[in-house]
file model-v1.cif (mmCIF, N, CA and C atoms and all ligand atoms)
data_data
loop_
_atom_site.label_atom_id
_atom_site.label_comp_id
_atom_site.auth_asym_id
_atom_site.auth_seq_id
_atom_site.Cartn_x
_atom_site.Cartn_y
_atom_site.Cartn_z
N MET A 1 12.35 18.29 42.72
CA MET A 1 12.74 18.47 41.31
C MET A 1 12.94 17.12 40.63
N LYS A 2 13.59 16.21 41.36
CA LYS A 2 13.81 14.87 40.79
C LYS A 2 12.50 14.18 40.48
N LYS A 3 11.51 14.41 41.35
CA LYS A 3 10.19 13.79 41.15
C LYS A 3 9.56 14.25 39.83
N ILE A 4 9.74 15.53 39.54
CA ILE A 4 9.15 16.08 38.30
C ILE A 4 9.80 15.43 37.07
N ILE A 5 11.10 15.28 37.12
CA ILE A 5 11.82 14.65 35.99
C ILE A 5 11.35 13.20 35.84
N TYR A 6 11.20 12.52 36.96
CA TYR A 6 10.75 11.12 36.95
C TYR A 6 9.35 11.02 36.33
N LEU A 7 8.49 11.95 36.74
CA LEU A 7 7.12 11.97 36.22
C LEU A 7 7.12 12.23 34.71
N ALA A 8 7.98 13.15 34.28
CA ALA A 8 8.07 13.48 32.86
C ALA A 8 8.52 12.26 32.06
N LEU A 9 9.43 11.49 32.63
CA LEU A 9 9.92 10.27 31.98
C LEU A 9 8.79 9.26 31.81
N ILE A 10 8.02 9.08 32.86
CA ILE A 10 6.91 8.12 32.81
C ILE A 10 5.90 8.55 31.75
N LEU A 11 5.59 9.85 31.74
CA LEU A 11 4.61 10.37 30.78
C LEU A 11 5.11 10.20 29.36
N SER A 12 6.41 10.48 29.11
CA SER A 12 6.92 10.36 27.74
C SER A 12 6.96 8.90 27.31
N CYS A 13 7.23 7.99 28.22
CA CYS A 13 7.20 6.56 27.91
C CYS A 13 5.79 6.14 27.50
N ALA A 14 4.82 6.61 28.25
CA ALA A 14 3.42 6.27 27.95
C ALA A 14 3.03 6.84 26.60
N PHE A 15 3.53 8.03 26.31
CA PHE A 15 3.21 8.67 25.02
C PHE A 15 3.79 7.86 23.86
N ILE A 16 5.05 7.45 24.01
CA ILE A 16 5.71 6.67 22.94
C ILE A 16 4.98 5.35 22.73
N MET A 17 4.60 4.69 23.83
CA MET A 17 3.90 3.42 23.71
C MET A 17 2.55 3.61 23.03
N GLY A 18 1.90 4.72 23.35
CA GLY A 18 0.60 5.01 22.76
C GLY A 18 0.68 5.24 21.26
N CYS A 19 1.86 5.59 20.78
CA CYS A 19 2.04 5.88 19.37
C CYS A 19 2.69 4.72 18.63
N SER A 20 2.89 3.59 19.29
CA SER A 20 3.56 2.48 18.62
C SER A 20 2.67 1.92 17.52
N PRO A 21 3.27 1.37 16.47
CA PRO A 21 2.48 0.88 15.32
C PRO A 21 1.45 -0.17 15.72
N ALA A 22 1.73 -0.93 16.77
CA ALA A 22 0.83 -2.01 17.17
C ALA A 22 -0.55 -1.49 17.57
N THR A 23 -0.61 -0.25 18.04
CA THR A 23 -1.89 0.28 18.49
C THR A 23 -2.56 1.13 17.42
N GLN A 24 -1.86 1.36 16.29
CA GLN A 24 -2.46 2.16 15.24
C GLN A 24 -3.47 1.34 14.45
N SER A 25 -4.43 2.01 13.89
CA SER A 25 -5.39 1.34 13.03
C SER A 25 -4.71 0.88 11.75
N MET A 26 -4.95 -0.36 11.38
CA MET A 26 -4.32 -0.91 10.18
C MET A 26 -4.98 -0.37 8.91
N THR A 27 -6.12 0.29 9.05
CA THR A 27 -6.81 0.79 7.87
C THR A 27 -6.45 2.25 7.60
N SER A 28 -5.64 2.86 8.46
CA SER A 28 -5.30 4.26 8.24
C SER A 28 -4.40 4.40 7.02
N SER A 29 -4.60 5.45 6.27
CA SER A 29 -3.74 5.74 5.13
C SER A 29 -3.78 7.23 4.87
N THR A 30 -2.76 7.70 4.21
CA THR A 30 -2.72 9.11 3.91
C THR A 30 -3.57 9.39 2.67
N THR A 31 -4.12 10.56 2.59
CA THR A 31 -4.94 10.95 1.45
C THR A 31 -4.09 11.75 0.48
N THR A 32 -4.00 11.28 -0.75
CA THR A 32 -3.21 11.95 -1.76
C THR A 32 -4.09 12.20 -2.97
N THR A 33 -3.97 13.36 -3.57
CA THR A 33 -4.77 13.68 -4.75
C THR A 33 -3.93 13.50 -6.01
N PHE A 34 -4.48 12.79 -6.98
CA PHE A 34 -3.79 12.55 -8.24
C PHE A 34 -4.55 13.22 -9.37
N ALA A 35 -3.81 13.65 -10.38
CA ALA A 35 -4.45 14.20 -11.57
C ALA A 35 -5.08 13.06 -12.35
N GLY A 36 -6.31 13.25 -12.84
CA GLY A 36 -6.96 12.21 -13.63
C GLY A 36 -7.65 11.19 -12.76
N PRO A 37 -8.26 10.20 -13.43
CA PRO A 37 -9.01 9.19 -12.69
C PRO A 37 -8.11 8.28 -11.86
N THR A 38 -8.68 7.71 -10.81
CA THR A 38 -7.95 6.76 -9.98
C THR A 38 -8.78 5.50 -9.80
N ALA A 39 -8.10 4.41 -9.51
CA ALA A 39 -8.75 3.14 -9.21
C ALA A 39 -8.02 2.54 -8.01
N SER A 40 -8.76 1.82 -7.18
CA SER A 40 -8.16 1.31 -5.95
C SER A 40 -8.09 -0.21 -5.94
N ILE A 41 -6.98 -0.72 -5.44
CA ILE A 41 -6.83 -2.16 -5.22
C ILE A 41 -6.40 -2.36 -3.77
N SER A 42 -7.10 -3.26 -3.09
CA SER A 42 -6.77 -3.56 -1.70
C SER A 42 -5.81 -4.75 -1.65
N ILE A 43 -4.80 -4.63 -0.81
CA ILE A 43 -3.86 -5.74 -0.59
C ILE A 43 -4.13 -6.32 0.79
N ALA A 44 -4.50 -7.60 0.82
CA ALA A 44 -4.66 -8.32 2.09
C ALA A 44 -4.43 -9.79 1.78
N PHE A 45 -3.39 -10.35 2.39
CA PHE A 45 -3.04 -11.74 2.13
C PHE A 45 -4.26 -12.63 2.24
N PRO A 46 -4.52 -13.54 1.26
CA PRO A 46 -3.62 -13.94 0.18
C PRO A 46 -3.98 -13.37 -1.19
N VAL A 47 -4.71 -12.26 -1.24
CA VAL A 47 -5.19 -11.76 -2.55
C VAL A 47 -5.09 -10.24 -2.68
N PHE A 48 -5.06 -9.82 -3.96
CA PHE A 48 -5.31 -8.45 -4.33
C PHE A 48 -6.79 -8.36 -4.68
N THR A 49 -7.48 -7.32 -4.23
CA THR A 49 -8.91 -7.18 -4.52
C THR A 49 -9.19 -5.82 -5.14
N PRO A 50 -9.67 -5.75 -6.39
CA PRO A 50 -9.83 -6.89 -7.31
C PRO A 50 -8.48 -7.34 -7.85
N ASN A 51 -8.39 -8.63 -8.22
CA ASN A 51 -7.11 -9.11 -8.76
C ASN A 51 -7.04 -8.92 -10.27
N SER A 52 -8.17 -8.58 -10.87
CA SER A 52 -8.21 -8.28 -12.31
C SER A 52 -8.94 -6.96 -12.49
N LEU A 53 -8.26 -5.99 -13.09
CA LEU A 53 -8.82 -4.64 -13.18
C LEU A 53 -8.63 -4.09 -14.59
N THR A 54 -9.70 -3.53 -15.16
CA THR A 54 -9.60 -2.88 -16.47
C THR A 54 -9.81 -1.39 -16.30
N ILE A 55 -8.90 -0.60 -16.85
CA ILE A 55 -8.92 0.85 -16.67
C ILE A 55 -8.68 1.54 -18.00
N GLU A 56 -8.95 2.85 -18.02
CA GLU A 56 -8.62 3.65 -19.20
C GLU A 56 -7.21 4.20 -19.03
N SER A 57 -6.57 4.46 -20.16
CA SER A 57 -5.22 5.02 -20.13
C SER A 57 -5.21 6.34 -19.36
N GLY A 58 -4.21 6.53 -18.55
CA GLY A 58 -4.11 7.75 -17.75
C GLY A 58 -4.58 7.55 -16.32
N THR A 59 -5.20 6.39 -16.05
CA THR A 59 -5.69 6.12 -14.70
C THR A 59 -4.54 5.78 -13.76
N THR A 60 -4.59 6.35 -12.57
CA THR A 60 -3.63 6.00 -11.53
C THR A 60 -4.24 4.93 -10.65
N VAL A 61 -3.59 3.78 -10.60
CA VAL A 61 -4.04 2.71 -9.71
C VAL A 61 -3.33 2.88 -8.37
N ILE A 62 -4.12 2.83 -7.31
CA ILE A 62 -3.56 3.00 -5.97
C ILE A 62 -3.75 1.70 -5.20
N TRP A 63 -2.66 1.01 -4.94
CA TRP A 63 -2.71 -0.19 -4.11
C TRP A 63 -2.61 0.25 -2.65
N THR A 64 -3.50 -0.27 -1.81
CA THR A 64 -3.48 0.04 -0.39
C THR A 64 -3.25 -1.25 0.40
N ASN A 65 -2.23 -1.24 1.23
CA ASN A 65 -1.95 -2.41 2.07
C ASN A 65 -2.86 -2.38 3.29
N ASN A 66 -3.95 -3.18 3.23
CA ASN A 66 -4.89 -3.27 4.35
C ASN A 66 -4.57 -4.46 5.25
N ASP A 67 -3.38 -4.96 5.13
CA ASP A 67 -2.96 -6.15 5.86
C ASP A 67 -2.04 -5.76 7.01
N SER A 68 -1.72 -6.73 7.86
CA SER A 68 -0.73 -6.48 8.91
C SER A 68 0.65 -6.95 8.48
N PHE A 69 0.75 -7.46 7.23
CA PHE A 69 2.04 -7.89 6.67
C PHE A 69 2.52 -6.88 5.64
N VAL A 70 3.82 -6.88 5.41
CA VAL A 70 4.41 -6.08 4.34
C VAL A 70 4.18 -6.80 3.01
N HIS A 71 3.88 -6.05 1.94
CA HIS A 71 3.71 -6.63 0.61
C HIS A 71 4.46 -5.77 -0.41
N THR A 72 4.55 -6.32 -1.64
CA THR A 72 5.10 -5.55 -2.76
C THR A 72 4.19 -5.71 -3.97
N VAL A 73 4.32 -4.83 -4.93
CA VAL A 73 3.61 -4.91 -6.21
C VAL A 73 4.67 -4.74 -7.30
N VAL A 74 4.97 -5.83 -8.01
CA VAL A 74 6.05 -5.80 -9.00
C VAL A 74 5.52 -6.37 -10.33
N SER A 75 5.72 -5.60 -11.40
CA SER A 75 5.23 -6.02 -12.72
C SER A 75 5.99 -7.26 -13.20
N GLU A 76 5.27 -8.08 -13.99
CA GLU A 76 5.80 -9.36 -14.45
C GLU A 76 5.92 -9.34 -15.97
N THR A 77 4.75 -9.27 -16.63
CA THR A 77 4.70 -9.24 -18.10
C THR A 77 3.80 -8.09 -18.52
N GLY A 78 3.95 -7.67 -19.79
CA GLY A 78 3.09 -6.63 -20.31
C GLY A 78 3.81 -5.31 -20.46
N PRO A 79 3.09 -4.29 -20.96
CA PRO A 79 3.73 -3.01 -21.30
C PRO A 79 4.14 -2.17 -20.10
N ALA A 80 3.45 -2.31 -18.97
CA ALA A 80 3.76 -1.46 -17.82
C ALA A 80 4.87 -2.07 -16.98
N SER A 81 5.78 -1.22 -16.52
CA SER A 81 6.89 -1.68 -15.69
C SER A 81 6.88 -0.90 -14.38
N PHE A 82 6.68 -1.61 -13.28
CA PHE A 82 6.63 -0.93 -11.98
C PHE A 82 7.13 -1.85 -10.88
N ASN A 83 7.66 -1.24 -9.84
CA ASN A 83 8.15 -1.98 -8.67
C ASN A 83 7.93 -1.09 -7.46
N SER A 84 7.00 -1.49 -6.62
CA SER A 84 6.61 -0.65 -5.50
C SER A 84 7.67 -0.57 -4.41
N GLY A 85 8.57 -1.57 -4.35
CA GLY A 85 9.37 -1.69 -3.15
C GLY A 85 8.45 -2.13 -2.02
N THR A 86 8.89 -2.00 -0.80
CA THR A 86 8.10 -2.43 0.35
C THR A 86 6.89 -1.52 0.56
N ILE A 87 5.69 -2.12 0.63
CA ILE A 87 4.48 -1.36 0.98
C ILE A 87 4.12 -1.76 2.41
N ASN A 88 4.36 -0.88 3.33
CA ASN A 88 4.09 -1.19 4.74
C ASN A 88 2.59 -1.19 5.03
N PRO A 89 2.17 -1.91 6.08
CA PRO A 89 0.75 -1.90 6.45
C PRO A 89 0.22 -0.47 6.60
N GLY A 90 -0.94 -0.23 6.01
CA GLY A 90 -1.57 1.08 6.13
C GLY A 90 -1.06 2.11 5.14
N THR A 91 -0.14 1.72 4.26
CA THR A 91 0.38 2.68 3.30
C THR A 91 -0.02 2.29 1.87
N THR A 92 0.24 3.18 0.92
CA THR A 92 -0.23 2.98 -0.45
C THR A 92 0.92 3.04 -1.45
N PHE A 93 0.65 2.49 -2.64
CA PHE A 93 1.57 2.61 -3.78
C PHE A 93 0.75 3.03 -5.00
N PRO A 94 0.97 4.23 -5.54
CA PRO A 94 0.27 4.66 -6.73
C PRO A 94 1.11 4.45 -7.99
N PHE A 95 0.45 4.09 -9.10
CA PHE A 95 1.15 4.00 -10.39
C PHE A 95 0.18 4.39 -11.49
N GLN A 96 0.61 5.29 -12.35
CA GLN A 96 -0.24 5.74 -13.45
C GLN A 96 0.04 4.91 -14.70
N PHE A 97 -1.02 4.35 -15.28
CA PHE A 97 -0.89 3.51 -16.48
C PHE A 97 -1.21 4.34 -17.72
N THR A 98 -0.27 4.38 -18.65
CA THR A 98 -0.45 5.19 -19.86
C THR A 98 -0.26 4.37 -21.14
N THR A 99 0.13 3.11 -21.01
CA THR A 99 0.35 2.27 -22.19
C THR A 99 -0.73 1.21 -22.28
N LEU A 100 -1.35 1.10 -23.47
CA LEU A 100 -2.41 0.13 -23.67
C LEU A 100 -1.88 -1.30 -23.58
N GLY A 101 -2.72 -2.20 -23.07
CA GLY A 101 -2.35 -3.61 -23.00
C GLY A 101 -2.55 -4.17 -21.60
N LYS A 102 -2.26 -5.45 -21.49
CA LYS A 102 -2.48 -6.18 -20.24
C LYS A 102 -1.14 -6.43 -19.55
N SER A 103 -1.05 -6.00 -18.32
CA SER A 103 0.16 -6.23 -17.54
C SER A 103 -0.17 -7.13 -16.35
N THR A 104 0.74 -8.04 -16.06
CA THR A 104 0.55 -8.88 -14.87
C THR A 104 1.55 -8.44 -13.81
N TYR A 105 1.20 -8.70 -12.56
CA TYR A 105 2.10 -8.34 -11.45
C TYR A 105 1.92 -9.35 -10.33
N HIS A 106 2.82 -9.30 -9.38
CA HIS A 106 2.75 -10.20 -8.22
C HIS A 106 3.41 -9.54 -7.02
N CYS A 107 3.24 -10.16 -5.88
CA CYS A 107 3.93 -9.75 -4.66
C CYS A 107 5.18 -10.62 -4.53
N THR A 108 6.34 -9.99 -4.44
CA THR A 108 7.59 -10.76 -4.39
C THR A 108 7.74 -11.53 -3.07
N ILE A 109 7.05 -11.08 -2.04
CA ILE A 109 7.13 -11.76 -0.73
C ILE A 109 6.20 -12.97 -0.72
N HIS A 110 5.05 -12.84 -1.42
CA HIS A 110 4.06 -13.92 -1.51
C HIS A 110 3.76 -14.14 -2.99
N PRO A 111 4.62 -14.90 -3.70
CA PRO A 111 4.49 -15.04 -5.16
C PRO A 111 3.14 -15.58 -5.63
N SER A 112 2.38 -16.21 -4.73
CA SER A 112 1.06 -16.70 -5.13
C SER A 112 0.05 -15.57 -5.24
N MET A 113 0.39 -14.40 -4.73
CA MET A 113 -0.48 -13.22 -4.86
C MET A 113 -0.19 -12.57 -6.20
N THR A 114 -1.16 -12.67 -7.13
CA THR A 114 -0.96 -12.13 -8.47
C THR A 114 -2.15 -11.28 -8.89
N GLY A 115 -1.95 -10.47 -9.91
CA GLY A 115 -3.03 -9.65 -10.42
C GLY A 115 -2.74 -9.19 -11.83
N THR A 116 -3.78 -8.67 -12.50
CA THR A 116 -3.61 -8.13 -13.85
C THR A 116 -4.26 -6.75 -13.94
N ILE A 117 -3.61 -5.89 -14.71
CA ILE A 117 -4.17 -4.56 -15.03
C ILE A 117 -4.28 -4.49 -16.55
N THR A 118 -5.49 -4.27 -17.06
CA THR A 118 -5.67 -4.12 -18.50
C THR A 118 -6.01 -2.67 -18.79
N VAL A 119 -5.21 -2.05 -19.65
CA VAL A 119 -5.44 -0.64 -20.03
C VAL A 119 -6.05 -0.64 -21.42
N LYS A 120 -7.27 -0.05 -21.52
CA LYS A 120 -7.99 0.01 -22.81
C LYS A 120 -7.81 1.36 -23.47
CU CU B 1 2.62 -10.08 -0.18
#
call {"tool": "encode", "arguments": {"input": "model-v1.cif", "output": "structure tokens", "more": "lines below"}}
Ligand SMILES: [Cu+2]
result
Amino acid sequence: MKKIIYLALILSCAFIMGCSPATQSMTSSTTTTFAGPTASISIAFPVFTPNSLTIESGTTVIWTNNDSFVHTVVSETGPASFNSGTINPGTTFPFQFTTLGKSTYHCTIHPSMTGTITVK
């Protein structure tokens, strides 16, 4: 009986290790459906790609962290105000733009990472 418990322990340890973030694909992300058009921006140090994006009002911009580092997306100037908080590797931050004009943003962890969203 003790052997069975010991074996179960080994198996559960192997299972937990197999599920650790280090072995997960960094490109994995959840699929979410948004109303209206969407646009995608990739986050990978040291840049946002594209770092300059023009969209129509009502578009939801989805930033995806394709990096192995944590990043943020925080508005700087312009009509849109947003703060993603921490975006972990492999996760996304969506924000719908409804006000016309040009907004700038940056990553608070890497201030040299900047971008602009222009809503027409
Ligand atoms: Cu960053």
call {"tool": "closest_residue", "arguments": {"input": "model-v1.cif", "among": "A:Thr99, A:Asn51, A:Thr38, A:Thr59", "to": "Gly115 of chain A", "atoms": "only N, CA and C atoms"}}
result
A:Asn51
call {"tool": "closest_residue", "arguments": {"input": "model-v1.cif", "among": "A:Asn83, A:Ser57, A:Ala35, A:Asp67", "to": "Thr118 of chain A", "atoms": "all atoms listed in the file"}}
result
A:Ser57
call {"tool": "residues_near_ligand", "arguments": {"input": "model-v1.cif", "ligand": "ligand CU 1 (chain B)", "cutoff": "8 Å", "atoms": "all atoms listed in the file", "output": "list in words"}}
result
Ile43, Ala44, Phe45, Pro46, Val47, Phe69, Val70, His71, Thr72, Val73, His106, Cys107, Thr108, Ile109, His110, Pro111, Ser112 and Met113 of chain A
call {"tool": "atom_distance", "arguments": {"input": "model-v1.cif", "atom1": "atom CA of Ser68 of chain A", "atom2": "atom CA of Ser103 of chain A"}}
result
26.5 Å
call {"tool": "closest_residue", "arguments": {"input": "model-v1.cif", "among": "A:Lys102, A:Asn66, A:Glu76, A:Pro50", "to": "Pro89 of chain A", "atoms": "only N, CA and C atoms"}}
result
A:Asn66
call {"tool": "closest_residue", "arguments": {"input": "model-v1.cif", "among": "A:Ser84, A:Thr114, A:Thr91, A:Ser40", "to": "Thr60 of chain A", "atoms": "all atoms listed in the file"}}
result
A:Ser40
call {"tool": "atom_distance", "arguments": {"input": "model-v1.cif", "atom1": "atom CA of Thr64 of chain A", "atom2": "atom CA of Pro94 of chain A"}}
result
8.7 Å
call {"tool": "axis_aligned_box", "arguments": {"input": "model-v1.cif", "around": "segment 47-51 of chain A", "padding_each_side": "8 Å", "output": "lines of an AutoDock Vina configuration file"}}
result
center_x = -7.3
center_y = -9.0
center_z = -5.8
size_x = 21.1
size_y = 22.5
size_z = 25.0
call {"tool": "residues_near_point", "arguments": {"input": "model-v1.cif", "point": "(-6.4, -7.1, -16.7)", "cutoff": "5 Å", "atoms": "only N, CA and C atoms", "output": "MDAnalysis selection string"}}
result
chainID A and resid 52:53 116:118
call {"tool": "atom_distance", "arguments": {"input": "model-v1.cif", "atom1": "atom CA of Tyr105 of chain A", "atom2": "atom CA of Asn88 of chain A"}}
result
17.8 Å
call {"tool": "residues_around", "arguments": {"input": "model-v1.cif", "residues": "Phe93 of chain A", "least_positions_apart": "6", "cutoff": "7 Å", "atoms": "all atoms listed in the file", "output": "ChimeraX atom specification"}}
result
/A:61-65,84,87
call {"tool": "write_last_selection", "arguments": {"input": "model-v1.cif", "atoms": "N, CA and C atoms", "output": "mmCIF file, keeping the file's coordinate frame"}}
result
data_model
loop_
_atom_site.group_PDB
_atom_site.id
_atom_site.type_symbol
_atom_site.label_atom_id
_atom_site.label_comp_id
_atom_site.auth_asym_id
_atom_site.auth_seq_id
_atom_site.Cartn_x
_atom_site.Cartn_y
_atom_site.Cartn_z
ATOM 1 N N VAL A 61 -3.590 3.780 -10.600
ATOM 2 C CA VAL A 61 -4.040 2.710 -9.710
ATOM 3 C C VAL A 61 -3.330 2.880 -8.370
ATOM 4 N N ILE A 62 -4.120 2.830 -7.310
ATOM 5 C CA ILE A 62 -3.560 3.000 -5.970
ATOM 6 C C ILE A 62 -3.750 1.700 -5.200
ATOM 7 N N TRP A 63 -2.660 1.010 -4.940
ATOM 8 C CA TRP A 63 -2.710 -0.190 -4.110
ATOM 9 C C TRP A 63 -2.610 0.250 -2.650
ATOM 10 N N THR A 64 -3.500 -0.270 -1.810
ATOM 11 C CA THR A 64 -3.480 0.040 -0.390
ATOM 12 C C THR A 64 -3.250 -1.250 0.400
ATOM 13 N N ASN A 65 -2.230 -1.240 1.230
ATOM 14 C CA ASN A 65 -1.950 -2.410 2.070
ATOM 15 C C ASN A 65 -2.860 -2.380 3.290
ATOM 16 N N SER A 84 7.000 -1.490 -6.620
ATOM 17 C CA SER A 84 6.610 -0.650 -5.500
ATOM 18 C C SER A 84 7.670 -0.570 -4.410
ATOM 19 N N ILE A 87 5.690 -2.120 0.630
ATOM 20 C CA ILE A 87 4.480 -1.360 0.980
ATOM 21 C C ILE A 87 4.120 -1.760 2.410
#
call {"tool": "closest_residue", "arguments": {"input": "model-v1.cif", "among": "A:Thr98, A:Thr54, A:Ser42, A:Thr104", "to": "Gly78 of chain A", "atoms": "all atoms listed in the file"}}
result
A:Thr104
call {"tool": "closest_residue", "arguments": {"input": "model-v1.cif", "among": "A:Ile55, A:Ser75, A:Phe82, A:Val119", "to": "Phe95 of chain A", "atoms": "all atoms listed in the file"}}
result
A:Phe82
